file final_17.cif (mmCIF, C-alpha atoms and all ligand atoms)
data_protein
#
loop_
_atom_site.label_atom_id
_atom_site.label_comp_id
_atom_site.auth_asym_id
_atom_site.auth_seq_id
_atom_site.Cartn_x
_atom_site.Cartn_y
_atom_site.Cartn_z
CA MET A 735 8.42 -23.59 -6.63
CA GLY A 736 8.07 -22.41 -3.05
CA PHE A 737 10.94 -21.48 -0.74
CA LYS A 738 13.54 -22.00 -3.43
CA GLY A 739 14.79 -18.46 -3.19
CA THR A 740 13.12 -15.76 -1.17
CA LEU A 741 11.17 -16.45 2.03
CA ARG A 742 8.85 -13.42 2.08
CA PRO A 743 8.70 -9.66 1.72
CA GLY A 744 10.43 -8.44 4.87
CA LEU A 745 10.81 -4.69 4.57
CA VAL A 746 9.12 -1.76 2.83
CA GLN A 747 9.91 1.93 2.91
CA LEU A 748 6.92 4.22 2.46
CA ARG A 749 6.86 7.91 1.59
CA VAL A 750 4.53 9.93 3.79
CA LEU A 751 3.36 13.55 3.71
CA ASP A 752 1.86 14.40 7.10
CA PHE A 753 4.45 12.70 9.29
CA ASP A 754 2.84 13.06 12.72
CA ALA A 755 -0.65 12.02 11.68
CA THR A 756 0.70 9.14 9.60
CA LEU A 757 3.03 7.85 12.31
CA ASN A 758 0.15 8.04 14.79
CA PHE A 759 -1.85 5.89 12.38
CA TYR A 760 0.81 3.17 12.02
CA GLU A 761 1.65 3.11 15.71
CA ASN A 762 -1.61 3.68 17.55
CA ILE A 763 -4.33 2.74 15.07
CA LEU A 764 -2.80 -0.05 12.95
CA GLY A 765 -0.90 -1.18 16.05
CA LEU A 766 2.72 -1.49 14.87
CA ASN A 767 5.50 -1.02 17.43
CA LYS A 768 8.02 1.78 16.96
CA VAL A 769 11.56 0.34 16.82
CA CYS A 770 13.87 3.30 16.20
CA GLU A 771 14.42 6.59 14.44
CA THR A 772 17.22 6.98 11.86
CA LYS A 773 19.67 9.91 11.92
CA ASP A 774 17.80 11.51 9.04
CA GLY A 775 14.46 11.31 10.82
CA ARG A 776 12.86 8.21 9.30
CA ILE A 777 10.91 5.95 11.66
CA CYS A 778 11.25 2.14 11.73
CA LEU A 779 8.29 0.00 12.86
CA LYS A 780 7.35 -3.67 13.22
CA GLY A 781 4.32 -5.83 13.87
CA TYR A 782 4.11 -7.35 17.35
CA ASP A 783 4.24 -10.88 15.90
CA GLU A 784 7.34 -10.29 13.76
CA PHE A 785 10.84 -11.46 14.75
CA ASP A 786 13.12 -9.30 12.61
CA HIS A 787 14.43 -5.84 13.50
CA HIS A 788 11.75 -3.90 11.63
CA SER A 789 9.51 -4.30 8.59
CA VAL A 790 8.18 -0.83 7.76
CA THR A 791 10.14 2.41 7.45
CA LEU A 792 8.37 5.76 7.05
CA ARG A 793 10.13 8.58 5.20
CA LYS A 794 8.71 12.09 5.25
CA THR A 795 8.86 13.74 1.85
CA ASP A 796 6.64 15.67 -0.56
CA LYS A 797 5.23 12.69 -2.54
CA ALA A 798 3.28 9.73 -1.19
CA GLY A 799 4.03 6.15 -2.32
CA LEU A 800 6.64 3.45 -2.11
CA ASP A 801 10.46 3.83 -2.04
CA PHE A 802 11.28 0.12 -2.22
CA VAL A 803 10.33 -3.37 -1.12
CA ALA A 804 12.91 -5.86 0.18
CA PHE A 805 12.62 -9.64 0.20
CA LYS A 806 14.28 -11.87 2.75
CA ALA A 807 16.18 -14.97 1.65
CA ALA A 808 17.26 -17.80 3.94
CA ASP A 809 21.02 -17.23 3.82
CA ALA A 810 23.87 -15.22 2.33
CA ASP A 811 24.56 -17.82 -0.40
CA THR A 812 20.99 -17.59 -1.64
CA VAL A 813 21.30 -13.78 -1.70
CA GLU A 814 24.42 -14.07 -3.90
CA GLU A 815 22.67 -16.59 -6.17
CA ILE A 816 19.69 -14.26 -6.53
CA LYS A 817 21.98 -11.31 -7.28
CA ASP A 818 23.65 -13.28 -10.10
CA LYS A 819 20.25 -14.26 -11.49
CA VAL A 820 19.06 -10.64 -11.43
CA VAL A 821 22.09 -9.60 -13.48
CA LYS A 822 21.48 -12.47 -15.90
CA PHE A 823 17.84 -11.46 -16.16
CA GLY A 824 19.08 -8.06 -17.31
CA TYR A 825 18.57 -5.61 -14.44
CA LYS A 826 21.41 -3.48 -13.07
CA VAL A 827 22.19 -4.31 -9.43
CA ASP A 828 23.59 -2.02 -6.75
CA GLU A 829 24.71 -2.81 -3.21
CA VAL A 830 23.44 -1.19 -0.01
CA PRO A 831 26.03 -1.68 2.77
CA ALA A 832 25.09 -3.28 6.09
CA ASN A 833 23.72 -0.98 8.80
CA SER A 834 23.56 2.04 6.52
CA ASP A 835 20.11 3.41 5.74
CA GLN A 836 18.21 0.62 7.57
CA PRO A 837 19.40 0.02 11.14
CA GLY A 838 19.77 -3.66 11.99
CA PHE A 839 19.89 -4.85 8.36
CA GLY A 840 22.89 -6.53 6.75
CA LYS A 841 23.98 -5.98 3.15
CA ARG A 842 21.20 -5.66 0.59
CA TYR A 843 21.26 -5.81 -3.19
CA GLY A 844 18.81 -3.63 -5.09
CA TRP A 845 17.59 -3.04 -8.65
CA THR A 846 14.60 -1.63 -10.52
CA ILE A 847 12.27 -4.03 -12.35
CA CYS A 848 10.27 -3.35 -15.51
CA THR A 849 7.25 -2.06 -13.59
CA GLY A 850 9.40 0.75 -12.16
CA HIS A 851 9.56 -0.62 -8.62
CA ARG A 852 12.80 -0.97 -6.67
CA PHE A 853 13.25 -4.50 -5.35
CA GLU A 854 15.91 -5.58 -2.87
CA VAL A 855 17.10 -8.86 -1.38
CA TYR A 856 18.87 -9.57 1.92
CA SER A 857 19.27 -12.37 4.41
CA GLU A 858 21.01 -10.84 7.41
CA VAL A 859 18.97 -8.82 9.83
CA GLU A 860 19.22 -8.45 13.60
CA PRO A 861 16.46 -9.91 15.73
CA ALA A 862 14.03 -7.38 17.10
CA GLU A 863 14.16 -6.40 20.76
CA GLN A 864 10.42 -7.05 21.09
CA GLN A 865 9.72 -10.53 19.76
CA PRO A 866 6.92 -13.05 20.14
CA MET A 867 7.60 -15.37 23.09
CA LEU A 868 9.54 -18.55 22.27
CA HIS A 869 9.62 -20.71 25.39
CA ASN A 870 6.22 -22.03 26.49
CA PRO A 871 4.90 -19.05 24.60
CA ASP A 872 1.83 -17.03 25.38
CA ILE A 873 0.02 -15.53 22.40
CA TRP A 874 1.39 -12.07 23.20
CA THR A 875 3.18 -10.29 26.02
CA LYS A 876 1.52 -6.87 25.75
CA PRO A 877 -2.06 -6.66 24.46
CA PRO A 878 -1.97 -5.72 20.74
CA ARG A 879 -3.10 -2.12 20.06
CA GLY A 880 -5.77 -0.72 17.77
CA MET A 881 -6.34 -2.86 14.67
CA ARG A 882 -3.97 -5.48 16.13
CA ALA A 883 -1.93 -5.93 12.92
CA GLN A 884 0.28 -8.98 13.43
CA ARG A 885 2.71 -8.45 10.58
CA MET A 886 3.28 -6.97 7.16
CA ASP A 887 1.81 -9.45 4.69
CA HIS A 888 1.87 -8.41 1.02
CA PHE A 889 1.59 -5.53 -1.46
CA LEU A 890 -0.14 -4.85 -4.76
CA LEU A 891 1.97 -2.90 -7.24
CA TYR A 892 0.81 -1.10 -10.40
CA GLY A 893 3.11 -0.66 -13.38
CA PRO A 894 3.80 -1.63 -17.00
CA ASN A 895 4.71 -5.07 -18.36
CA ILE A 896 3.62 -7.29 -15.46
CA MET A 897 4.15 -10.43 -17.56
CA GLU A 898 7.88 -9.75 -17.33
CA ALA A 899 7.58 -8.97 -13.60
CA GLU A 900 5.79 -12.28 -13.04
CA ARG A 901 8.48 -14.16 -14.94
CA PHE A 902 11.14 -12.33 -12.93
CA CYS A 903 9.62 -13.41 -9.61
CA GLN A 904 9.51 -17.03 -10.80
CA GLU A 905 12.93 -17.25 -12.44
CA VAL A 906 14.92 -15.12 -10.00
CA PHE A 907 13.09 -15.39 -6.66
CA GLY A 908 11.88 -18.99 -7.15
CA MET A 909 8.28 -17.93 -6.51
CA TYR A 910 5.12 -19.43 -8.02
CA VAL A 911 1.84 -17.96 -9.24
CA PRO A 912 -1.32 -19.36 -7.58
CA GLU A 913 -3.75 -17.03 -9.35
CA VAL A 914 -3.93 -14.79 -12.45
CA CYS A 915 -6.42 -12.59 -14.31
CA ASN A 916 -6.24 -12.44 -18.10
CA LEU A 917 -7.52 -9.96 -20.67
CA PRO A 918 -9.43 -11.29 -23.70
CA ASP A 919 -6.22 -11.09 -25.77
CA GLY A 920 -4.54 -13.47 -23.32
CA ASN A 921 -2.34 -10.83 -21.71
CA ARG A 922 -2.27 -10.47 -17.94
CA LEU A 923 -4.40 -7.87 -16.24
CA ALA A 924 -3.23 -9.01 -12.83
CA THR A 925 -1.10 -11.67 -11.16
CA TRP A 926 -0.74 -12.99 -7.58
CA ILE A 927 2.70 -14.36 -6.69
CA THR A 928 4.14 -16.11 -3.63
CA SER A 929 7.22 -17.82 -2.24
CA SER A 930 5.41 -19.71 0.50
CA ASN A 931 2.00 -21.09 1.55
CA LYS A 932 0.51 -17.59 1.57
CA PRO A 933 -1.75 -17.03 -1.46
CA HIS A 934 0.32 -13.94 -2.28
CA ASP A 935 3.49 -12.23 -1.15
CA LEU A 936 2.95 -9.64 -3.84
CA ALA A 937 0.63 -8.92 -6.76
CA PHE A 938 0.75 -6.75 -9.87
CA VAL A 939 -1.88 -5.01 -11.97
CA GLU A 940 -0.96 -3.82 -15.48
CA TYR A 941 -0.87 0.00 -15.48
CA PRO A 942 0.76 2.50 -17.85
CA GLU A 943 2.49 4.59 -15.17
CA PRO A 944 5.52 2.96 -13.50
CA GLY A 945 6.31 2.51 -9.82
CA LYS A 946 2.86 2.86 -8.28
CA LEU A 947 1.60 1.42 -4.98
CA HIS A 948 -1.99 0.19 -4.89
CA HIS A 949 -1.90 -1.06 -1.32
CA LEU A 950 0.19 -2.48 1.45
CA GLY A 951 -1.46 -5.38 3.30
CA PHE A 952 -1.16 -6.22 7.00
CA TYR A 953 -2.23 -9.52 8.48
CA LEU A 954 -4.97 -9.76 11.10
CA GLN A 955 -5.91 -12.84 13.10
CA ASP A 956 -9.44 -13.45 11.82
CA TRP A 957 -12.78 -12.06 10.63
CA ALA A 958 -13.52 -10.65 14.11
CA ASP A 959 -10.35 -8.57 13.90
CA VAL A 960 -11.37 -7.35 10.42
CA GLY A 961 -14.54 -6.02 12.10
CA ASN A 962 -12.42 -4.49 14.85
CA ALA A 963 -10.31 -2.76 12.17
CA ALA A 964 -13.51 -1.32 10.63
CA ASP A 965 -14.42 0.14 14.03
CA TRP A 966 -11.03 1.86 14.23
CA ILE A 967 -11.49 3.26 10.72
CA ALA A 968 -14.85 4.76 11.71
CA LEU A 969 -13.65 5.98 15.10
CA ASN A 970 -10.70 7.82 13.56
CA ARG A 971 -12.56 9.12 10.48
CA LEU A 972 -10.15 7.38 8.15
CA LYS A 973 -11.29 7.21 4.54
CA LEU A 974 -12.74 3.79 3.79
CA ASP A 975 -12.33 2.42 0.26
CA ILE A 976 -14.28 -0.84 0.58
CA GLY A 977 -15.11 -3.55 3.09
CA PRO A 978 -15.28 -5.46 5.28
CA THR A 979 -15.61 -7.87 2.36
CA ARG A 980 -14.09 -11.02 0.94
CA HIS A 981 -11.82 -11.49 -2.02
CA ALA A 982 -12.65 -14.59 -4.06
CA ILE A 983 -9.10 -14.18 -5.34
CA THR A 984 -6.86 -15.40 -2.47
CA ARG A 985 -10.11 -15.95 -0.42
CA GLY A 986 -8.87 -13.22 1.94
CA LEU A 987 -11.14 -11.26 4.29
CA SER A 988 -10.41 -7.65 3.75
CA ILE A 989 -10.84 -3.92 4.21
CA TYR A 990 -9.20 -1.28 2.02
CA PHE A 991 -8.78 2.21 3.39
CA TRP A 992 -6.32 5.09 3.20
CA GLU A 993 -3.84 6.21 5.85
CA PRO A 994 -3.41 9.97 6.45
CA SER A 995 -0.81 10.40 3.67
CA GLY A 996 -3.06 8.76 1.08
CA ASN A 997 -1.33 5.38 0.81
CA ARG A 998 -3.94 2.61 0.63
CA ILE A 999 -3.75 0.03 3.41
CA GLU A 1000 -5.39 -3.36 3.52
CA THR A 1001 -6.15 -5.17 6.75
CA TYR A 1002 -6.40 -8.79 5.71
CA ALA A 1003 -7.12 -12.15 7.33
CA GLY A 1004 -7.50 -15.73 6.15
CA GLY A 1005 -6.72 -16.66 2.56
CA TYR A 1006 -6.34 -20.17 1.22
CA THR A 1007 -3.25 -22.30 1.77
CA ALA A 1008 -1.24 -22.30 -1.44
CA TYR A 1009 1.06 -25.08 -2.62
CA PRO A 1010 3.40 -24.93 -5.59
CA ASP A 1011 1.98 -28.17 -7.05
CA HIS A 1012 -1.63 -26.92 -7.02
CA PRO A 1013 -3.11 -25.95 -10.38
CA GLN A 1014 -3.34 -22.24 -11.11
CA ARG A 1015 -6.68 -20.41 -10.71
CA VAL A 1016 -7.53 -18.24 -13.72
CA TRP A 1017 -9.94 -15.27 -13.87
CA ASP A 1018 -11.34 -13.64 -17.00
CA ALA A 1019 -11.08 -9.85 -16.86
CA ASP A 1020 -14.87 -9.43 -17.12
CA GLN A 1021 -15.28 -11.48 -13.91
CA VAL A 1022 -12.64 -9.70 -11.88
CA GLY A 1023 -15.22 -7.64 -9.95
CA ARG A 1024 -16.47 -10.86 -8.37
CA GLY A 1025 -12.89 -12.00 -7.89
CA LEU A 1026 -11.97 -8.89 -5.94
CA PHE A 1027 -15.20 -8.09 -4.10
CA TYR A 1028 -17.05 -11.35 -3.82
CA TYR A 1029 -20.14 -10.14 -1.95
CA SER A 1030 -21.13 -7.24 -4.24
CA GLY A 1031 -19.57 -8.80 -7.33
CA GLU A 1032 -18.78 -5.33 -8.65
CA LEU A 1033 -15.52 -3.60 -9.29
CA ILE A 1034 -15.32 -0.12 -7.77
CA PRO A 1035 -13.73 2.65 -9.88
CA SER A 1036 -11.15 3.47 -7.19
CA PHE A 1037 -9.62 0.00 -7.55
CA LEU A 1038 -8.30 0.84 -11.01
CA GLU A 1039 -7.88 4.62 -10.61
CA VAL A 1040 -6.44 5.47 -7.22
CA VAL A 1041 -2.77 4.72 -6.51
CA THR A 1042 0.19 6.50 -4.94
CA MET B 995 -17.77 29.85 12.38
CA GLY B 996 -18.27 30.83 8.76
CA THR B 997 -19.88 28.84 6.01
CA PHE B 998 -18.99 29.66 2.43
CA LEU B 999 -20.42 28.72 -0.94
CA VAL B 1000 -18.42 26.66 -3.38
CA THR B 1001 -19.45 26.69 -7.02
CA VAL B 1002 -18.17 24.25 -9.62
CA GLU B 1003 -18.23 26.30 -12.81
CA ASP B 1004 -18.93 23.88 -15.62
CA ALA B 1005 -20.99 21.46 -13.52
CA ARG B 1006 -23.22 24.41 -12.48
CA VAL B 1007 -23.52 23.21 -8.88
CA THR B 1008 -23.12 25.13 -5.66
CA PHE B 1009 -22.78 23.68 -2.19
CA PRO B 1010 -21.97 25.02 1.28
CA CYS B 1011 -18.59 24.41 2.89
CA LYS B 1012 -17.74 25.37 6.47
CA GLU B 1013 -14.43 27.06 7.15
CA ASP B 1014 -13.16 24.01 9.07
CA GLU B 1015 -14.33 21.56 6.40
CA PHE B 1016 -12.30 20.23 3.48
CA VAL B 1017 -13.74 21.22 0.10
CA MET B 1018 -13.78 17.59 -0.99
CA GLY B 1019 -15.62 16.52 2.18
CA ALA B 1020 -18.27 19.19 1.59
CA MET B 1021 -18.64 18.08 -2.04
CA LEU B 1022 -19.09 14.46 -0.96
CA HIS B 1023 -21.51 15.52 1.76
CA ALA B 1024 -23.57 17.59 -0.67
CA GLY B 1025 -23.49 14.80 -3.25
CA LYS B 1026 -22.81 17.40 -5.92
CA GLY B 1027 -19.93 18.20 -8.19
CA PRO B 1028 -17.42 16.08 -10.03
CA VAL B 1029 -16.62 13.90 -7.04
CA ARG B 1030 -14.07 11.24 -7.76
CA TYR B 1031 -13.36 8.68 -5.12
CA GLY B 1032 -9.96 9.02 -3.52
CA CYS B 1033 -7.59 8.77 -0.59
CA CYS B 1034 -8.61 12.05 1.11
CA GLY B 1035 -4.98 12.26 2.18
CA GLY B 1036 -3.33 14.40 -0.50
CA GLY B 1037 -1.51 11.38 -1.91
CA CYS B 1038 -3.36 10.01 -4.93
CA GLY B 1039 -4.18 13.22 -6.83
CA ILE B 1040 -7.59 12.13 -8.06
CA CYS B 1041 -9.39 15.12 -6.47
CA LYS B 1042 -7.31 17.71 -8.34
CA MET B 1043 -9.17 20.88 -9.39
CA ARG B 1044 -8.48 24.50 -10.32
CA VAL B 1045 -9.53 27.33 -8.05
CA VAL B 1046 -10.81 29.95 -10.48
CA SER B 1047 -11.50 32.54 -7.80
CA GLY B 1048 -11.77 32.94 -4.03
CA ASP B 1049 -9.60 32.51 -0.95
CA TYR B 1050 -8.61 29.17 0.49
CA GLU B 1051 -5.95 27.65 2.69
CA VAL B 1052 -3.89 24.54 1.99
CA VAL B 1053 -3.99 22.88 5.41
CA LYS B 1054 -2.62 19.42 4.51
CA PRO B 1055 0.43 18.67 2.35
CA MET B 1056 -0.45 17.99 -1.30
CA SER B 1057 1.74 15.38 -3.02
CA ARG B 1058 4.23 17.04 -5.37
CA ALA B 1059 3.68 14.08 -7.69
CA HIS B 1060 0.34 15.75 -8.52
CA ILE B 1061 0.71 19.47 -7.72
CA SER B 1062 4.02 21.07 -8.70
CA GLU B 1063 5.10 24.34 -7.10
CA ALA B 1064 4.17 26.19 -10.28
CA GLN B 1065 0.73 24.56 -10.35
CA GLU B 1066 0.19 25.40 -6.69
CA ALA B 1067 1.04 29.03 -7.43
CA ASP B 1068 -1.37 28.85 -10.36
CA GLY B 1069 -4.34 27.83 -8.16
CA LEU B 1070 -4.37 24.08 -8.75
CA VAL B 1071 -5.29 22.16 -5.60
CA LEU B 1072 -6.13 18.76 -4.22
CA THR B 1073 -9.58 19.48 -2.85
CA CYS B 1074 -9.10 17.02 0.03
CA CYS B 1075 -6.32 19.26 1.38
CA VAL B 1076 -7.90 22.75 1.25
CA LYS B 1077 -10.44 24.62 3.33
CA PRO B 1078 -12.32 27.74 2.18
CA ARG B 1079 -11.60 31.21 3.50
CA GLY B 1080 -14.36 32.80 1.41
CA ASP B 1081 -16.72 31.80 -1.40
CA LEU B 1082 -14.92 29.71 -4.03
CA THR B 1083 -15.34 29.02 -7.71
CA LEU B 1084 -13.75 25.80 -8.93
CA GLY B 1085 -13.02 24.44 -12.39
CA ARG B 1086 -12.30 20.90 -13.45
CA TRP B 1087 -8.83 19.55 -14.04
CA PRO B 1088 -7.64 18.79 -16.63
S1 LIG C 1 -8.47 12.22 -2.78
FE1 LIG C 1 -6.41 11.52 -2.99
S2 LIG C 1 -5.34 13.40 -3.15
FE2 LIG C 1 -7.37 14.07 -2.70
FE FE C 2 -4.22 -7.25 -0.82
#

call {"tool": "encode", "arguments": {"input": "final_17.cif", "output": "structure tokens"}}
result
Amino acid sequence: MGFKGTLRPGLVQLRVLDFDATLNFYENILGLNKVCETKDGRICLKGYDEFDHHSVTLRKTDKAGLDFVAFKAADADTVEEIKDKVVKFGYKVDEVPANSDQPGFGKRYGWTICTGHRFEVYSEVEPAEQQPMLHNPDIWTKPPRGMRAQRMDHFLLYGPNIMEAERFCQEVFGMYVPEVCNLPDGNRLATWITSSNKPHDLAFVEYPEPGKLHHLGFYLQDWADVGNAADWIALNRLKLDIGPTRHAITRGLSIYFWEPSGNRIETYAGGYTAYPDHPQRVWDADQVGRGLFYYSGELIPSFLEVVT
Amino acid sequence: MGTFLVTVEDARVTFPCKEDEFVMGAMLHAGKGPVRYGCCGGGCGICKMRVVSGDYEVVKPMSRAHISEAQEADGLVLTCCVKPRGDLTLGRWP
């Protein structure tokens, strides 16, 4: 049930190909703020409405996709408890020392789950220099840029054996599962998982190849800002996947498109308020087109085919 | 500025592609060829094809998850990353 372990996904590291074009996208089009550069040339960024040191790190390499995702827990004791549970669950844990590869971050534990994704957990992280105002706060200090992304919100991961991944998130992270999609044989096609009131912190789709990223979602204020994001996509000739549209699943307002290195990005607003005591919503696989793209009711081939 | 002709062998289609245009963009624009929807960023690999003949330039990095060095040397490309430098003949992959 909610907030029993992790608080939220707090950090992702993405692999990018065309570093300059991709950094320009995250900074000037999506509207994240640049925080720092690491000694080995990676760039750390954050949303203007986020408090922690940074939430997105870009690493230039020769393959697109996701290096890891890290979840924040409330305190060091919870991190130790989670680490013990990971070991008991059967994954091999390693330790990333404080202030090593991610400036501002304390010690992290990491491991690879059955879907081939590296997960990490941490609690200690320095506050960002640029933070939302706290005392008699205005809504922002500097006008948000471009798509006006407020914060990193969630990700959809593709890989094998998502039933185990779902169980892992519940048993180890203390998350719950507001919504699922089942195949006719009763197995999961997809699952939406959260630690808080957000309809999802992360989601999985069953896929034979391990470790794939379907999309990384950033939170926008409202439907008007989803329209603003569409304008920026058109203006910058970014490749649109679909939207603006609505998901019936999560009820989010959404656009999918690709950044210059080919990683799919979602700009997302709204979504229902989830509670751990609410009953679970269940989709049949033959209805999932309507679940994902409520207005057209049709699944697009790229949703199941295109990942990094 | 030059415009070249791109032919997709087994689909028996030909379309024009300007020298500053990506092959995939020209294919989408012409509405011909085995277009598969993708990231247009060299990351997802869905636009992979074989260049059977003709000159081209790789102007955007192609993810090594989809085009190994050996494959690149062998004429395999992500069509969203290459521009023509002459008439091209393409074949499907795989
Ligand atoms: S469309 Fe994704 S690599 Fe070309
Ligand atoms: Fe999403």

call {"tool": "residues_near_ligand", "arguments": {"input": "final_17.cif", "ligand": "ligand LIG 1 (chain C)", "cutoff": "9 Å", "atoms": "all atoms listed in the file", "output": "PyMOL selection string"}}
result
(chain A and resi 992+995-997+1040-1042) or (chain B and resi 1018+1030-1042+1056-1057+1060+1071-1075)

call {"tool": "residues_around", "arguments": {"input": "final_17.cif", "residues": "Gly908 in chain A", "least_positions_apart": "5", "cutoff": "9 Å", "atoms": "all atoms listed in the file", "output": "short mmCIF file (atom, residue, chain, number, x, y, z; two decimals) with C-alpha atoms, in the frame of the given file"}}
result
data_model
loop_
_atom_site.label_atom_id
_atom_site.label_comp_id
_atom_site.auth_asym_id
_atom_site.auth_seq_id
_atom_site.Cartn_x
_atom_site.Cartn_y
_atom_site.Cartn_z
CA MET A 735 8.42 -23.59 -6.63
CA GLY A 736 8.07 -22.41 -3.05
CA PHE A 737 10.94 -21.48 -0.74
CA LYS A 738 13.54 -22.00 -3.43
CA GLY A 739 14.79 -18.46 -3.19
CA THR A 740 13.12 -15.76 -1.17
CA PHE A 902 11.14 -12.33 -12.93
CA CYS A 903 9.62 -13.41 -9.61
CA THR A 928 4.14 -16.11 -3.63
CA SER A 929 7.22 -17.82 -2.24
#

call {"tool": "atom_distance", "arguments": {"input": "final_17.cif", "atom1": "CA of Ala862 in chain A", "atom2": "CA of Ala755 in chain A"}}
result
24.9 Å

call {"tool": "residues_near_ligand", "arguments": {"input": "final_17.cif", "ligand": "ligand FE 2 (chain C)", "cutoff": "10 Å", "atoms": "all atoms listed in the file", "output": "number ranges by chain"}}
result
A: 887-891, 926, 934-937, 948-953, 981, 983-984, 986-990, 998-1003, 1026

call {"tool": "residues_around", "arguments": {"input": "final_17.cif", "residues": "Trp966 in chain A", "least_positions_apart": "3", "cutoff": "12 Å", "atoms": "all atoms listed in the file", "output": "NGL selection string"}}
result
:A and (759 or 762-765 or 879-882 or 959-963 or 969-974 or 989 or 991 or 993 or 1001)

call {"tool": "closest_residue", "arguments": {"input": "final_17.cif", "among": "B:Lys1054, B:Arg1044, B:Arg1006, B:Arg1086", "to": "chain A", "atoms": "all atoms listed in the file"}}
result
B:Lys1054

call {"tool": "atom_distance", "arguments": {"input": "final_17.cif", "atom1": "CA of Thr1083 in chain B", "atom2": "CA of Val1046 in chain B"}}
result
5.4 Å

call {"tool": "atom_distance", "arguments": {"input": "final_17.cif", "atom1": "CA of Ile816 in chain A", "atom2": "CA of Cys915 in chain A"}}
result
27.3 Å

call {"tool": "closest_residue", "arguments": {"input": "final_17.cif", "among": "B:Asp1068, B:Asp1049, B:Glu1063, B:Asp1081", "to": "chain A", "atoms": "all atoms listed in the file"}}
result
B:Glu1063

call {"tool": "closest_residue", "arguments": {"input": "final_17.cif", "among": "B:Ala1005, B:Val1052, B:Ile1061, B:Leu1082", "to": "Val1029 in chain B", "atoms": "all atoms listed in the file"}}
result
B:Ala1005

call {"tool": "closest_residue", "arguments": {"input": "final_17.cif", "among": "A:Leu868, A:Val750, A:Ala982, A:Leu741", "to": "chain B", "atoms": "all atoms listed in the file"}}
result
A:Val750

call {"tool": "residues_around", "arguments": {"input": "final_17.cif", "residues": "Asp801 in chain A", "least_positions_apart": "5", "cutoff": "7 Å", "atoms": "all atoms listed in the file", "output": "ChimeraX atom specification"}}
result
/A:747-749

call {"tool": "write_last_selection", "arguments": {"input": "final_17.cif", "atoms": "C-alpha atoms", "output": "PDB file, in the frame of the given file"}}
result
ATOM      1  CA  GLN A 747       9.910   1.930   2.910  1.00  0.00           C
ATOM      2  CA  LEU A 748       6.920   4.220   2.460  1.00  0.00           C
ATOM      3  CA  ARG A 749       6.860   7.910   1.590  1.00  0.00           C
TER       4      ARG A 749
END

call {"tool": "residues_near_point", "arguments": {"input": "final_17.cif", "point": "(-19.6, 22.7, 2.3)", "cutoff": "9 Å", "atoms": "all atoms listed in the file", "output": "mmCIF file with C-alpha atoms, in the coordinates of the input"}}
result
data_model
loop_
_atom_site.group_PDB
_atom_site.id
_atom_site.type_symbol
_atom_site.label_atom_id
_atom_site.label_comp_id
_atom_site.auth_asym_id
_atom_site.auth_seq_id
_atom_site.Cartn_x
_atom_site.Cartn_y
_atom_site.Cartn_z
ATOM 1 C CA THR B 997 -19.880 28.840 6.010
ATOM 2 C CA PHE B 998 -18.990 29.660 2.430
ATOM 3 C CA LEU B 999 -20.420 28.720 -0.940
ATOM 4 C CA VAL B 1000 -18.420 26.660 -3.380
ATOM 5 C CA PHE B 1009 -22.780 23.680 -2.190
ATOM 6 C CA PRO B 1010 -21.970 25.020 1.280
ATOM 7 C CA CYS B 1011 -18.590 24.410 2.890
ATOM 8 C CA LYS B 1012 -17.740 25.370 6.470
ATOM 9 C CA GLU B 1013 -14.430 27.060 7.150
ATOM 10 C CA GLU B 1015 -14.330 21.560 6.400
ATOM 11 C CA PHE B 1016 -12.300 20.230 3.480
ATOM 12 C CA VAL B 1017 -13.740 21.220 0.100
ATOM 13 C CA MET B 1018 -13.780 17.590 -0.990
ATOM 14 C CA GLY B 1019 -15.620 16.520 2.180
ATOM 15 C CA ALA B 1020 -18.270 19.190 1.590
ATOM 16 C CA MET B 1021 -18.640 18.080 -2.040
ATOM 17 C CA LEU B 1022 -19.090 14.460 -0.960
ATOM 18 C CA HIS B 1023 -21.510 15.520 1.760
ATOM 19 C CA ALA B 1024 -23.570 17.590 -0.670
ATOM 20 C CA PRO B 1078 -12.320 27.740 2.180
#

call {"tool": "closest_residue", "arguments": {"input": "final_17.cif", "among": "B:Pro1055, B:Gly1085, B:Val1076, B:Glu1066", "to": "chain A", "atoms": "only C-alpha atoms"}}
result
B:Pro1055

call {"tool": "decode", "arguments": {"input": "final_17.cif", "residues": "range 740-745 of chain A", "atoms": "N, CA and C atoms", "output": "mmCIF file, in the first residue's frame"}}
result
data_model
loop_
_atom_site.group_PDB
_atom_site.id
_atom_site.type_symbol
_atom_site.label_atom_id
_atom_site.label_comp_id
_atom_site.auth_asym_id
_atom_site.auth_seq_id
_atom_site.Cartn_x
_atom_site.Cartn_y
_atom_site.Cartn_z
ATOM 1 N N THR A 740 9.071 3.110 -1.171
ATOM 2 C CA THR A 740 9.568 4.206 -1.997
ATOM 3 C C THR A 740 8.560 5.357 -2.040
ATOM 4 N N LEU A 741 9.084 6.557 -2.339
ATOM 5 C CA LEU A 741 8.217 7.735 -2.504
ATOM 6 C C LEU A 741 7.837 7.942 -3.965
ATOM 7 N N ARG A 742 8.844 7.798 -4.860
ATOM 8 C CA ARG A 742 8.634 8.092 -6.282
ATOM 9 C C ARG A 742 9.915 7.760 -7.038
ATOM 10 N N PRO A 743 9.808 7.659 -8.372
ATOM 11 C CA PRO A 743 11.042 7.618 -9.157
ATOM 12 C C PRO A 743 11.680 8.999 -9.104
ATOM 13 N N GLY A 744 12.970 9.056 -8.769
ATOM 14 C CA GLY A 744 13.604 10.352 -8.571
ATOM 15 C C GLY A 744 14.730 10.662 -9.537
ATOM 16 N N LEU A 745 15.224 9.634 -10.218
ATOM 17 C CA LEU A 745 16.396 9.847 -11.079
ATOM 18 C C LEU A 745 16.398 8.815 -12.202
#
